[in-house]
Every structure is written in C-alpha cells, then in structure tokens.
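See structure below.
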Amino acid sequence: MTGKTLVQVENLHRCYGDTWAVREVSFVLNQGQVLGFLGPNGAGKSTTMQLLAGNLAPDVGRILINGIDLLDEPRRAKASIGYLPEFPPLYRELTVDEYLNYCARLHRMPRATITIAVERAKERCGLPAVGRRLIGNLSKGYQQRVGLAQAILHEPAVIILDEPTVGLDPIQIREIRDLIRELGREHGVIISTHILSEVQAICSHVQVMHQGRLVYASSVAELGRRQHGTSLIVALNAPPAPEILAGLPAISGVEALGDGRFRLRHALGAEPAAALAVCACEQGWGLTELTPERTTLEQVFIDLTLGYAEST
Amino acid sequence: MILTIAARELRGLFLSPLAWTLLATVQLILAWLFLVLIEDFLNLQSQLLGLEGAPGVADLVVAPLLKVAAWMGLLVTPLLSMRLISEERRTRTFSLLLSAPVSMPEIVLGKYVGLLTCLLLLVAMIALMPLTLLVGSDLDIGKLLAGLLGLVLLLGSFAAAGLYISTLSDQPVVAAIATFGFLLLLWVIDLAGGNREALSGIFAYLSLLHHYDALLMGLFNSADVIYYLLFIAAFLGLASRRLDNQRLRH
C-alpha cells in the first residue's frame, strides 16, 4: 500500500570541513512506508536526518517535503515534519503537559485543538500518568517517549525519528515499535537505527548507508530473501563416509565439523532437507539434528558495508 | 509565535533561581543606595533653600540612583542573556525551534522579548522607589520619565548585544564574560581620544554611557533614542544572520 510521495530527496551532499558526511543521497518516501536507515556509527545517518528536518542546510541537493521545497519555503515545509533528534529536545524545567502545549503552539496548532492533540499524543506514547511531572525528573525511557510525543503531536505527514528506541526497556521498545508501525500506515516514517532486527520488525523499506553514501536500498522483504542460506547443518549418530553424503542429490559440498556434524552446501533454491531425512532413516544414520543455515541479518549487513568498502 | 517563545523564555528564567536572585540583589543594593541618597538630600536641603534654580530631588536622588542602576544592569544583563541561545544549544533543545515552522527572526525576537520583559520588570521595581518621593516632595516627573526611558533603552541595548554574543558560543559562561567585556568597552570608550576634539567626539558618540547621561539630565534628544534603537536592531539582525549561517556551518 503506497500513497502519494511525501519526501523526495535529490542528490544530497553535505560536508564538514574536508570530510563528506553525506554524498549523492537520493531517495523517495511514499505515504504508508516506514523507511529504515541502517549504517554503522558515523555513516551519516544522523546528518541525513538533520538535513531532512531542516536543522542543517545541504551544500548541494534538493529536498521536497510533501511537494514543498524545504530550502525555498522552510516554514511551509517544516509544518509537515515531526522530528525526534538523537537527543530529545526537552526543557527539563517544564512539566510534560507544559512542554507539549508549548510544542503545539510552536507548530501553530489552533488553540481549540491543542488540548485534544496533547491528550492524544500522551495516550499514544503511554504518558498520561506523568503529565504533571517535571521532565527533568523522568527516567530516560520516559524522556524518550516525551520526545516522541512531541514529534507526532501535530500529526505531521512525515515523521523523522533518529534512533527512537535507544534507552528503552524491552517492553517499552515493543510498545514504541507497535506505535511506529501504526504511524506508518497513515504517515511516512523515517527512522534511523543500527539495530538490524528493529528494521526487520517495523520497516517496510530499508536503506543502508556507509561512509555517507547509500549503498543499498530495497524493501525489507527483499532483504529477507537475501538471507536465505545455501547450507544445512546435520548431526548423525552413525555418520557414513563424507563421500556418501556428497553423493546425495542436490548436495554440492560437505564440510565435516566433528562429532558427527556436517555442513552440507547446496545450490540456492534447492531444498535437499526432506530427501536427506528420508535417506538418513533408510540407511540408519541416526539423524539428531537437521537445520537449514540462514545467513544472519548481521552477516548481510557486514557483507554490504564491507563489500562496498572493498569495491571502492 | 514571538510571544509563545517569549513566554517560554520568561518562564524558564523565573523557574530557575537565577532571575529571582538577580532581581533581589539589584533591588536590595539600589534600595540601600536610595536611602543614602535621600539622607544626603535632606542634609543639603537647608543650604539649597536660598539658591535660585537649585537642583531638585530629581537631580540629586533620581539621577544618581538611575546611574548606579545602569551599572547594575551592566553586571546583571550578561548573566541573563548568556543562556538565551547557548544554553539551548548545550542542552540540545535548539533543534525543537529549528525544526518547527518558525523563522529565524521570529526565534531571535521571541528570545529578545522574553529577556526584555524580565528587564522591564527590573526597571519597574526600581521606578517604584523614586515614585514614593511623590509623597512629600516636588519630584520632576518629566526628568524621572526621561531617565527611566534611558534606562530601558540602555538595558535593551545590553540585552541585544548579549543575545548576539550568546549565539556565538555553546558555553553560557563564555558568552556572559564576552558580553560583559564588550559592554564595558562600549561603556568606557569615551575615555579614549583625550583632548583631541574630533577623535573624542567619535568615541563619545559610540559610548553607551554618553547618550544615557543626556537622558538622565532630562534632555530628550531623538538622536540619543535613535542611537539605542539602531544599536538594538543591528545586534538582533546580526543574531538572526548568525543563526541562519550556522545551519550552513562546516
């Protein structure tokens, strides 16, 4: 389900001194998408986020938010952005209610709708109980949630979240992920993270950044396909000679791991597991383990970033 | 929008003990001085009775009081203005303003109006003391108002310069020291130039103090008022430009 184009980024460049923090970044975000930015530390994720939120100006390039140029008409464009920076921008001396009210007024919300919007944002981020407490006295997790509430308060078309689940406990992380998925249905959401499972859990699309460049962009489903492995691990009580295993249909290689365990390689798409199990029963090899080996997401990620580093 | 930012700024000031402490200290010192000046005036009064066109209570009590109030302002304003931008930068709250649909001049003006409101409160509290002289003396209201206007303009100029310097540093204390130094320099710049007429004229014109003295004497010269207004506008403009450039900084 994809709607209209919310963010269009063309050929974005930004340097700090001599180093390019962001180079040749172009992408499009449609309504109903959750786009995950992945990358190692210093890859340029946060800089890209700051550029998108108008906190930094790009050296070269164009950013269209909801069809409005962020550089030409910053005020109109920023009205459709909700941004949670890496460090949530909280005034510690205000209470949660005061702070959210102030944010609502900064975003030029009509006075009549502010109370409702604040209540709704608090509800969604699990904050109703702490409305009257000082932000400075809240725990890190709650502060993060206040930051998130601030970003979604004015129902912006584009929500930009820089590492939104940092500092949260596992239950809170699950709640926030559910919230982001829900937001992703009506809005366009961009999140940055270095937690790969997070991307799999909440994103519809993924982009990998490395040394300021986009090195990989696809849907998460596509990334999942990349994970499919080409090997099986088997453990046998009475193993036959490796040559016999190698002679089985669709098996292209055998690697003994000791203790009767073997890694069997096969071609991508071939499914030799069932045939192997039948064969093991018939021959009385004593099958105790049969696991398809999947490439972990970490491995895919390392392949992508390292592969890129080697090719340049 | 400017008022929204100003209101939060003012709130932030009064939620911390800083503003209260400064207001209280200034008030205490000036009240003490006010009493001393009154006593002096009472001692002198008998000698002044016979004189034609003798200086009144406005000249002998109000003018010196406001002069010291200006000095106090010089000390206090940098402490209040230092946090305006640099504190937001240090605590990383500035991105809230930057990503909101608010323009730079609006941010700068909002911050400035917030600080100015605090300073106006200070002036109002100082003004209460001379106003008590209305009971039982022939206070020259015109002179008092000219003096108060001068004080407001002067503090407004301090605040504008302080706001600009606050955009230059991420460290509030550095901003405070730099502001204090800068203001003090402008304060005493008319000491330079010595007896060379042309040169001392220029320095005297640049001095913040010179224009204030005229207003304290009850001379309402539009050139003095315009000097302060230009000073304020120039520094607010610089602050806004500076913040805009920081988005481009490398």
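The way I read the labels, and the way they are meant: chains A, B, ... in the order of the structure tokens, residue 1 as the first residue of every chain, and ligand 1 as the first ligand shown, with later ones counted on from there.
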
**Message:** Select, as a PyMOL selection string, those residues of chain B with any atom no more than 9 Å from chain A (distances computed using only C-alpha atoms).
**Reply:** chain B and resi 1+4-5+8+11-12+15-16+88+91-103+246-250

Please produce a file of those selected residues containing N, CA and C atoms, as a CSV table (one decimal), in the first residue's frame.
```csv
chain,number,residue,atom,x,y,z
B,1,MET,N,3.5,33.9,17.6
B,1,MET,CA,4.6,33.0,17.7
B,1,MET,C,5.8,33.6,18.5
B,4,THR,N,4.8,33.4,22.0
B,4,THR,CA,4.9,32.0,22.5
B,4,THR,C,6.4,31.7,23.0
B,5,ILE,N,7.3,32.1,22.1
B,5,ILE,CA,8.7,31.8,22.5
B,5,ILE,C,9.1,32.7,23.7
B,8,ARG,N,7.8,31.3,27.0
B,8,ARG,CA,8.6,30.2,27.5
B,8,ARG,C,9.9,30.6,28.1
B,11,ARG,N,9.3,32.1,31.4
B,11,ARG,CA,9.0,31.0,32.3
B,11,ARG,C,10.3,30.3,32.8
B,12,GLY,N,11.1,30.1,31.7
B,12,GLY,CA,12.4,29.4,32.0
B,12,GLY,C,13.2,30.2,33.0
B,15,LEU,N,11.6,30.1,36.5
B,15,LEU,CA,11.6,28.7,37.1
B,15,LEU,C,12.9,28.4,37.7
B,16,SER,N,14.0,29.1,37.3
B,16,SER,CA,15.3,28.9,37.9
B,16,SER,C,15.5,30.0,38.9
B,88,GLU,N,20.4,26.6,25.1
B,88,GLU,CA,19.6,25.7,24.3
B,88,GLU,C,20.5,24.8,23.4
B,91,THR,N,22.1,22.1,25.8
B,91,THR,CA,21.2,21.0,26.2
B,91,THR,C,20.5,20.4,25.0
B,92,ARG,N,20.9,20.9,23.8
B,92,ARG,CA,20.3,20.3,22.5
B,92,ARG,C,18.8,20.5,22.4
B,93,THR,N,18.3,21.5,23.0
B,93,THR,CA,16.9,21.8,22.8
B,93,THR,C,16.6,22.7,21.6
B,94,PHE,N,17.7,23.2,21.0
B,94,PHE,CA,17.5,24.2,20.0
B,94,PHE,C,16.9,23.6,18.7
B,95,SER,N,17.1,22.3,18.5
B,95,SER,CA,16.6,21.7,17.3
B,95,SER,C,15.0,21.7,17.3
B,96,LEU,N,14.5,21.8,18.5
B,96,LEU,CA,13.0,21.9,18.6
B,96,LEU,C,12.5,23.2,17.8
B,97,LEU,N,13.2,24.3,18.1
B,97,LEU,CA,12.9,25.5,17.4
B,97,LEU,C,13.2,25.4,15.9
B,98,LEU,N,14.4,24.8,15.6
B,98,LEU,CA,14.9,24.8,14.3
B,98,LEU,C,13.9,23.9,13.4
B,99,SER,N,13.3,22.8,13.9
B,99,SER,CA,12.5,22.0,13.1
B,99,SER,C,11.0,22.4,13.1
B,100,ALA,N,10.7,23.4,14.0
B,100,ALA,CA,9.3,23.9,14.0
B,100,ALA,C,9.2,24.9,12.9
B,101,PRO,N,8.0,25.1,12.4
B,101,PRO,CA,7.8,26.1,11.3
B,101,PRO,C,7.8,27.5,11.8
B,102,VAL,N,9.1,27.9,12.2
B,102,VAL,CA,9.3,29.2,12.8
B,102,VAL,C,10.5,29.8,12.1
B,103,SER,N,10.5,31.1,11.7
B,103,SER,CA,11.6,31.6,11.0
B,103,SER,C,12.7,32.1,12.1
B,246,GLN,N,24.6,29.3,10.8
B,246,GLN,CA,25.1,28.1,11.5
B,246,GLN,C,24.5,26.8,10.9
B,247,ARG,N,23.4,27.0,10.2
B,247,ARG,CA,22.9,25.8,9.5
B,247,ARG,C,23.8,25.4,8.4
B,248,LEU,N,24.5,26.4,7.9
B,248,LEU,CA,25.4,26.1,6.8
B,248,LEU,C,26.9,25.8,7.2
B,249,ARG,N,27.1,26.0,8.5
B,249,ARG,CA,28.5,25.9,9.0
B,249,ARG,C,29.1,24.6,8.7
B,250,HIS,N,30.4,24.6,8.4
B,250,HIS,CA,31.1,23.4,8.1
B,250,HIS,C,32.1,23.0,9.2
```

**Message:** Need the shell around B:Ala159: protein/DNA/RNA residues with any atom at most 8 Å away, counting only C-alpha atoms. Skip same-chain ones fewer than 2 positions apart. Format as number ranges by chain?
**Reply:** B: 77-78, 81, 112, 115-116, 155-157, 161-163

**Message:** With only C-alpha atoms as the counted atoms, please give the residues lying no more than 8 Å from stretch 214-224 of chain B, apart from itself and same-chain residues fewer than 5 positions off, as a ChimeraX atom specification.
**Reply:** /B:59,63,66-67,142-144,146-147,149-150

**Item:** Atom-to-atom span, atom CA of B:Tyr205 and atom CA of B:Asp190, Å
**Value:**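 These atoms are spaced 7.7 Å apart.
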
**Asked** For B:Met129, which residue out of B:Ile226, B:Leu209, B:Ala69, B:Leu49 is the nearest one, using only C-alpha atoms?
**Response** B:Ala69

**Message:** Which residues are close to A:Val215, i.e. within 8 Å by only C-alpha atoms, leaving aside same-chain residues fewer than 4 positions away? Reply as an MDAnalysis selection string.
**Reply:** chainID A and resid 207:210 304:305 308

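Of the listed residues (B:Phe34, B:Phe41, B:Phe158, B:Trp20), B:Phe158 comes nearest to B:Gly73; the distances count only C-alpha atoms.
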
Just asking: which residues within stretch 72-257 of chain A are helix (DSSP H, G or I) according to DSSP, as a compact mmCIF listing (two decimals) with N, CA and C atoms, in the first residue's frame?
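Output file part-v6.txt follows:
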```
# COMPACT_ATOMS: atom_id res chain seq x y z
N PRO A 74 10.92 27.14 3.90
CA PRO A 74 11.13 26.31 5.08
C PRO A 74 9.91 26.26 6.00
N ARG A 75 9.21 27.38 6.13
CA ARG A 75 8.13 27.40 7.11
C ARG A 75 6.99 26.48 6.69
N ARG A 76 6.64 26.52 5.42
CA ARG A 76 5.54 25.65 4.97
C ARG A 76 5.95 24.19 4.99
N ALA A 77 7.21 23.95 4.58
CA ALA A 77 7.66 22.56 4.51
C ALA A 77 7.77 21.97 5.92
N LYS A 78 8.30 22.77 6.86
CA LYS A 78 8.51 22.24 8.21
C LYS A 78 7.19 21.93 8.91
N VAL A 96 5.53 17.78 31.65
CA VAL A 96 5.24 17.16 30.36
C VAL A 96 4.10 17.91 29.65
N ASP A 97 3.06 18.25 30.41
CA ASP A 97 1.92 18.96 29.80
C ASP A 97 2.33 20.33 29.27
N GLU A 98 3.08 21.07 30.08
CA GLU A 98 3.52 22.41 29.66
C GLU A 98 4.36 22.32 28.39
N TYR A 99 5.25 21.34 28.40
CA TYR A 99 6.15 21.17 27.26
C TYR A 99 5.38 20.86 25.99
N LEU A 100 4.45 19.91 26.08
CA LEU A 100 3.71 19.51 24.87
C LEU A 100 2.81 20.66 24.39
N ASN A 101 2.27 21.42 25.35
CA ASN A 101 1.47 22.58 24.95
C ASN A 101 2.31 23.60 24.19
N TYR A 102 3.53 23.81 24.70
CA TYR A 102 4.44 24.75 24.04
C TYR A 102 4.76 24.26 22.62
N CYS A 103 5.06 22.97 22.49
CA CYS A 103 5.37 22.42 21.16
C CYS A 103 4.19 22.60 20.21
N ALA A 104 2.98 22.37 20.73
CA ALA A 104 1.79 22.50 19.88
C ALA A 104 1.67 23.94 19.38
N ARG A 105 1.95 24.90 20.27
CA ARG A 105 1.84 26.30 19.84
C ARG A 105 2.95 26.67 18.86
N LEU A 106 4.14 26.09 19.08
CA LEU A 106 5.24 26.34 18.13
C LEU A 106 4.85 25.87 16.73
N ARG A 111 -5.71 26.94 18.78
CA ARG A 111 -5.83 26.83 20.21
C ARG A 111 -6.83 25.75 20.64
N ALA A 112 -7.95 25.69 19.89
CA ALA A 112 -9.03 24.79 20.31
C ALA A 112 -8.60 23.32 20.23
N THR A 113 -7.71 23.00 19.32
CA THR A 113 -7.37 21.59 19.11
C THR A 113 -6.19 21.15 19.98
N ILE A 114 -5.52 22.09 20.64
CA ILE A 114 -4.27 21.75 21.33
C ILE A 114 -4.51 20.73 22.44
N THR A 115 -5.52 20.98 23.29
CA THR A 115 -5.75 20.09 24.43
C THR A 115 -5.99 18.66 23.95
N ILE A 116 -6.82 18.53 22.92
CA ILE A 116 -7.14 17.20 22.41
C ILE A 116 -5.88 16.54 21.85
N ALA A 117 -5.12 17.31 21.09
CA ALA A 117 -3.92 16.75 20.46
C ALA A 117 -2.92 16.30 21.52
N VAL A 118 -2.75 17.12 22.58
CA VAL A 118 -1.80 16.76 23.63
C VAL A 118 -2.26 15.47 24.32
N GLU A 119 -3.55 15.38 24.62
CA GLU A 119 -4.07 14.17 25.27
C GLU A 119 -3.83 12.94 24.40
N ARG A 120 -4.09 13.12 23.10
CA ARG A 120 -3.95 12.00 22.17
C ARG A 120 -2.49 11.55 22.07
N ALA A 121 -1.59 12.53 21.98
CA ALA A 121 -0.17 12.18 21.87
C ALA A 121 0.31 11.49 23.15
N LYS A 122 -0.15 11.97 24.30
CA LYS A 122 0.24 11.34 25.56
C LYS A 122 -0.27 9.90 25.61
N GLU A 123 -1.52 9.75 25.18
CA GLU A 123 -2.14 8.42 25.16
C GLU A 123 -1.30 7.45 24.32
N ARG A 124 -0.95 7.91 23.12
CA ARG A 124 -0.24 7.03 22.19
C ARG A 124 1.15 6.67 22.69
N PRO A 128 0.06 9.33 29.96
CA PRO A 128 -0.97 10.03 30.74
C PRO A 128 -0.65 10.14 32.22
N ALA A 129 0.06 9.16 32.78
CA ALA A 129 0.29 9.18 34.22
C ALA A 129 1.31 10.24 34.63
N VAL A 130 2.16 10.69 33.71
CA VAL A 130 3.25 11.58 34.12
C VAL A 130 3.06 13.02 33.63
N ILE A 135 9.89 17.22 33.48
CA ILE A 135 10.61 16.37 32.53
C ILE A 135 11.97 15.97 33.08
N GLY A 136 12.61 16.90 33.78
CA GLY A 136 13.94 16.63 34.33
C GLY A 136 13.96 15.47 35.32
N ASN A 137 12.81 15.19 35.93
CA ASN A 137 12.77 14.11 36.93
C ASN A 137 12.37 12.77 36.33
N LYS A 140 15.05 8.05 31.65
CA LYS A 140 15.47 8.19 30.25
C LYS A 140 14.40 7.68 29.29
N GLY A 141 13.81 6.54 29.63
CA GLY A 141 12.79 5.95 28.76
C GLY A 141 11.60 6.88 28.61
N TYR A 142 11.17 7.47 29.73
CA TYR A 142 10.03 8.37 29.66
C TYR A 142 10.39 9.64 28.89
N GLN A 143 11.61 10.12 29.08
CA GLN A 143 12.03 11.31 28.34
C GLN A 143 12.00 11.03 26.83
N GLN A 144 12.45 9.83 26.48
CA GLN A 144 12.43 9.45 25.07
C GLN A 144 10.99 9.47 24.55
N ARG A 145 10.07 8.99 25.37
CA ARG A 145 8.67 8.96 24.94
C ARG A 145 8.11 10.37 24.82
N VAL A 146 8.52 11.27 25.71
CA VAL A 146 8.06 12.66 25.59
C VAL A 146 8.56 13.24 24.27
N GLY A 147 9.82 12.92 23.95
CA GLY A 147 10.37 13.39 22.68
C GLY A 147 9.56 12.86 21.50
N LEU A 148 9.17 11.62 21.60
CA LEU A 148 8.37 11.01 20.53
C LEU A 148 6.99 11.67 20.46
N ALA A 149 6.40 11.92 21.62
CA ALA A 149 5.09 12.57 21.66
C ALA A 149 5.16 13.93 20.97
N GLN A 150 6.26 14.64 21.22
CA GLN A 150 6.48 15.95 20.60
C GLN A 150 6.51 15.85 19.08
N ALA A 151 7.09 14.74 18.58
CA ALA A 151 7.24 14.61 17.13
C ALA A 151 5.93 14.25 16.43
N ILE A 152 5.02 13.59 17.13
CA ILE A 152 3.79 13.17 16.46
C ILE A 152 2.59 14.04 16.84
N PRO A 170 12.81 -3.49 27.21
CA PRO A 170 12.25 -4.33 26.14
C PRO A 170 10.75 -4.15 25.94
N ILE A 171 10.01 -3.95 27.04
CA ILE A 171 8.56 -3.80 26.89
C ILE A 171 8.25 -2.47 26.20
N GLN A 172 8.95 -1.44 26.64
CA GLN A 172 8.75 -0.13 26.01
C GLN A 172 9.11 -0.18 24.54
N ILE A 173 10.20 -0.89 24.23
CA ILE A 173 10.62 -1.00 22.83
C ILE A 173 9.50 -1.60 22.01
N ARG A 174 8.86 -2.65 22.56
CA ARG A 174 7.79 -3.28 21.81
C ARG A 174 6.63 -2.31 21.60
N GLU A 175 6.30 -1.56 22.65
CA GLU A 175 5.21 -0.59 22.53
C GLU A 175 5.52 0.48 21.47
N ILE A 176 6.75 0.98 21.53
CA ILE A 176 7.12 2.04 20.59
C ILE A 176 7.14 1.49 19.17
N ARG A 177 7.60 0.26 19.01
CA ARG A 177 7.61 -0.32 17.66
C ARG A 177 6.19 -0.48 17.14
N ASP A 178 5.29 -0.92 18.00
CA ASP A 178 3.88 -1.02 17.58
C ASP A 178 3.37 0.34 17.15
N LEU A 179 3.74 1.35 17.95
CA LEU A 179 3.29 2.72 17.64
C LEU A 179 3.83 3.17 16.29
N ILE A 180 5.10 2.89 16.04
CA ILE A 180 5.70 3.32 14.78
C ILE A 180 5.04 2.62 13.60
N ARG A 181 4.78 1.32 13.78
CA ARG A 181 4.09 0.59 12.71
C ARG A 181 2.73 1.21 12.43
N GLU A 182 2.04 1.56 13.51
CA GLU A 182 0.71 2.15 13.37
C GLU A 182 0.81 3.51 12.65
N LEU A 183 1.80 4.31 13.06
CA LEU A 183 2.01 5.62 12.43
C LEU A 183 2.31 5.45 10.95
N GLY A 184 3.05 4.38 10.65
CA GLY A 184 3.47 4.15 9.27
C GLY A 184 2.31 3.90 8.32
N ARG A 185 1.15 3.57 8.87
CA ARG A 185 0.02 3.31 7.98
C ARG A 185 -0.53 4.59 7.36
N GLU A 186 -0.56 5.68 8.16
CA GLU A 186 -1.14 6.92 7.64
C GLU A 186 -0.09 7.94 7.23
N LEU A 196 19.60 -4.14 13.65
CA LEU A 196 19.07 -4.72 12.42
C LEU A 196 17.71 -5.35 12.62
N SER A 197 17.52 -5.99 13.78
CA SER A 197 16.24 -6.67 13.98
C SER A 197 15.11 -5.64 14.04
N GLU A 198 15.45 -4.43 14.47
CA GLU A 198 14.45 -3.38 14.53
C GLU A 198 13.92 -3.07 13.14
N VAL A 199 14.83 -3.00 12.19
CA VAL A 199 14.43 -2.73 10.82
C VAL A 199 13.49 -3.82 10.33
N GLN A 200 13.86 -5.08 10.63
CA GLN A 200 13.01 -6.19 10.20
C GLN A 200 11.65 -6.13 10.87
N ALA A 201 11.64 -5.66 12.13
CA ALA A 201 10.38 -5.68 12.87
C ALA A 201 9.42 -4.58 12.42
N ILE A 202 9.93 -3.42 12.05
CA ILE A 202 8.98 -2.32 11.82
C ILE A 202 9.03 -1.69 10.44
N VAL A 220 12.09 -4.45 2.75
CA VAL A 220 12.56 -5.38 3.76
C VAL A 220 12.37 -6.83 3.32
N ALA A 221 11.28 -7.08 2.56
CA ALA A 221 11.05 -8.43 2.05
C ALA A 221 12.23 -8.88 1.19
N GLU A 222 12.73 -7.97 0.39
CA GLU A 222 13.86 -8.27 -0.48
C GLU A 222 15.10 -8.61 0.36
N LEU A 223 15.28 -7.81 1.43
CA LEU A 223 16.41 -8.05 2.32
C LEU A 223 16.29 -9.44 2.93
N GLY A 224 15.05 -9.84 3.27
CA GLY A 224 14.82 -11.16 3.84
C GLY A 224 15.24 -12.25 2.88
N ARG A 225 14.95 -12.06 1.58
CA ARG A 225 15.33 -13.08 0.59
C ARG A 225 16.83 -13.23 0.50
N ARG A 226 17.52 -12.12 0.71
CA ARG A 226 18.97 -12.16 0.68
C ARG A 226 19.53 -13.05 1.77
N GLN A 227 18.69 -13.23 2.81
CA GLN A 227 19.15 -14.00 3.95
C GLN A 227 19.17 -15.48 3.69
N PRO A 242 32.04 -39.20 4.36
CA PRO A 242 31.64 -37.92 3.76
C PRO A 242 31.35 -38.05 2.26
N GLU A 243 32.04 -38.96 1.59
CA GLU A 243 31.82 -39.10 0.15
C GLU A 243 30.39 -39.50 -0.14
N ILE A 244 29.81 -40.35 0.74
CA ILE A 244 28.44 -40.79 0.52
C ILE A 244 27.49 -39.61 0.63
N LEU A 245 27.76 -38.76 1.65
CA LEU A 245 26.93 -37.56 1.81
C LEU A 245 27.04 -36.66 0.59
N ALA A 246 28.26 -36.52 0.10
CA ALA A 246 28.48 -35.64 -1.05
C ALA A 246 27.77 -36.16 -2.28
```

**Request:** Would you please work out which residue, of A:Ile63, A:Val28, A:Val22, A:Leu127, is nearest to A:Gly3 when using only C-alpha atoms?
**Result:** A:Val28

**Prompt:** So how far away is atom CA of B:Phe231 from atom CA of B:Leu131, in Å?
**Reply:** 29.4 Å

**Message:** Using only C-alpha atoms, which protein or nucleic acid residues come within 12 Å of B:Leu184? Drop anything in the same chain fewer than 2 positions from it, and give the result as a PyMOL selection string.
**Reply:** chain B and resi 70-75+77-78+158+161+177-182+186-191+207-209

Writer output for current selection, C-alpha atoms, as a tab-separated table (two decimals), in the first residue's frame:
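Now in again.tsv:
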```
chain	number	residue	atom	x	y	z
B	70	ALA	CA	22.72	51.26	34.78
B	71	TRP	CA	25.93	49.88	36.29
B	72	MET	CA	23.97	47.11	37.92
B	73	GLY	CA	22.35	46.41	34.56
B	74	LEU	CA	25.79	46.11	33.04
B	75	LEU	CA	26.62	43.40	35.56
B	77	THR	CA	22.25	41.57	31.84
B	78	PRO	CA	25.10	39.31	30.63
B	158	PHE	CA	22.70	45.34	26.61
B	161	ALA	CA	24.31	42.63	22.35
B	177	ILE	CA	32.13	37.06	30.05
B	178	ALA	CA	32.37	38.14	26.42
B	179	THR	CA	29.16	40.15	26.72
B	180	PHE	CA	30.35	41.83	29.88
B	181	GLY	CA	33.69	42.73	28.33
B	182	PHE	CA	32.09	44.04	25.18
B	186	LEU	CA	31.47	50.41	24.86
B	187	TRP	CA	30.73	51.95	28.24
B	188	VAL	CA	34.17	53.44	28.76
B	189	ILE	CA	35.14	54.02	25.15
B	190	ASP	CA	34.61	57.76	25.54
B	191	LEU	CA	37.57	57.90	27.91
B	207	SER	CA	29.77	55.28	24.04
B	208	LEU	CA	26.61	53.83	25.51
B	209	LEU	CA	27.08	55.98	28.58
```

**Prompt:** So, counting only C-alpha atoms, which residue among B:Leu28, B:Leu84, B:Leu44, B:Val57 is closest to B:Gln171?
**Reply:** B:Leu84

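Distances from A:Gly67, A:Gly188, A:Gly284, A:Gly42 to A:Ser204 were compared using only C-alpha atoms, and the smallest one belongs to A:Gly188.
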
**Spatial neighbours of A:Ala273, max dist 10 Å, only C-alpha atoms, sep filter under 4 positions, as a list in words** =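 Close residues of A:Ala273: Ser231, Leu232, Ile233, Val234, Ala250, Ile251, Leu264, Ala277, Val278, Cys279, Leu290, Thr291 and Pro292 of chain A.
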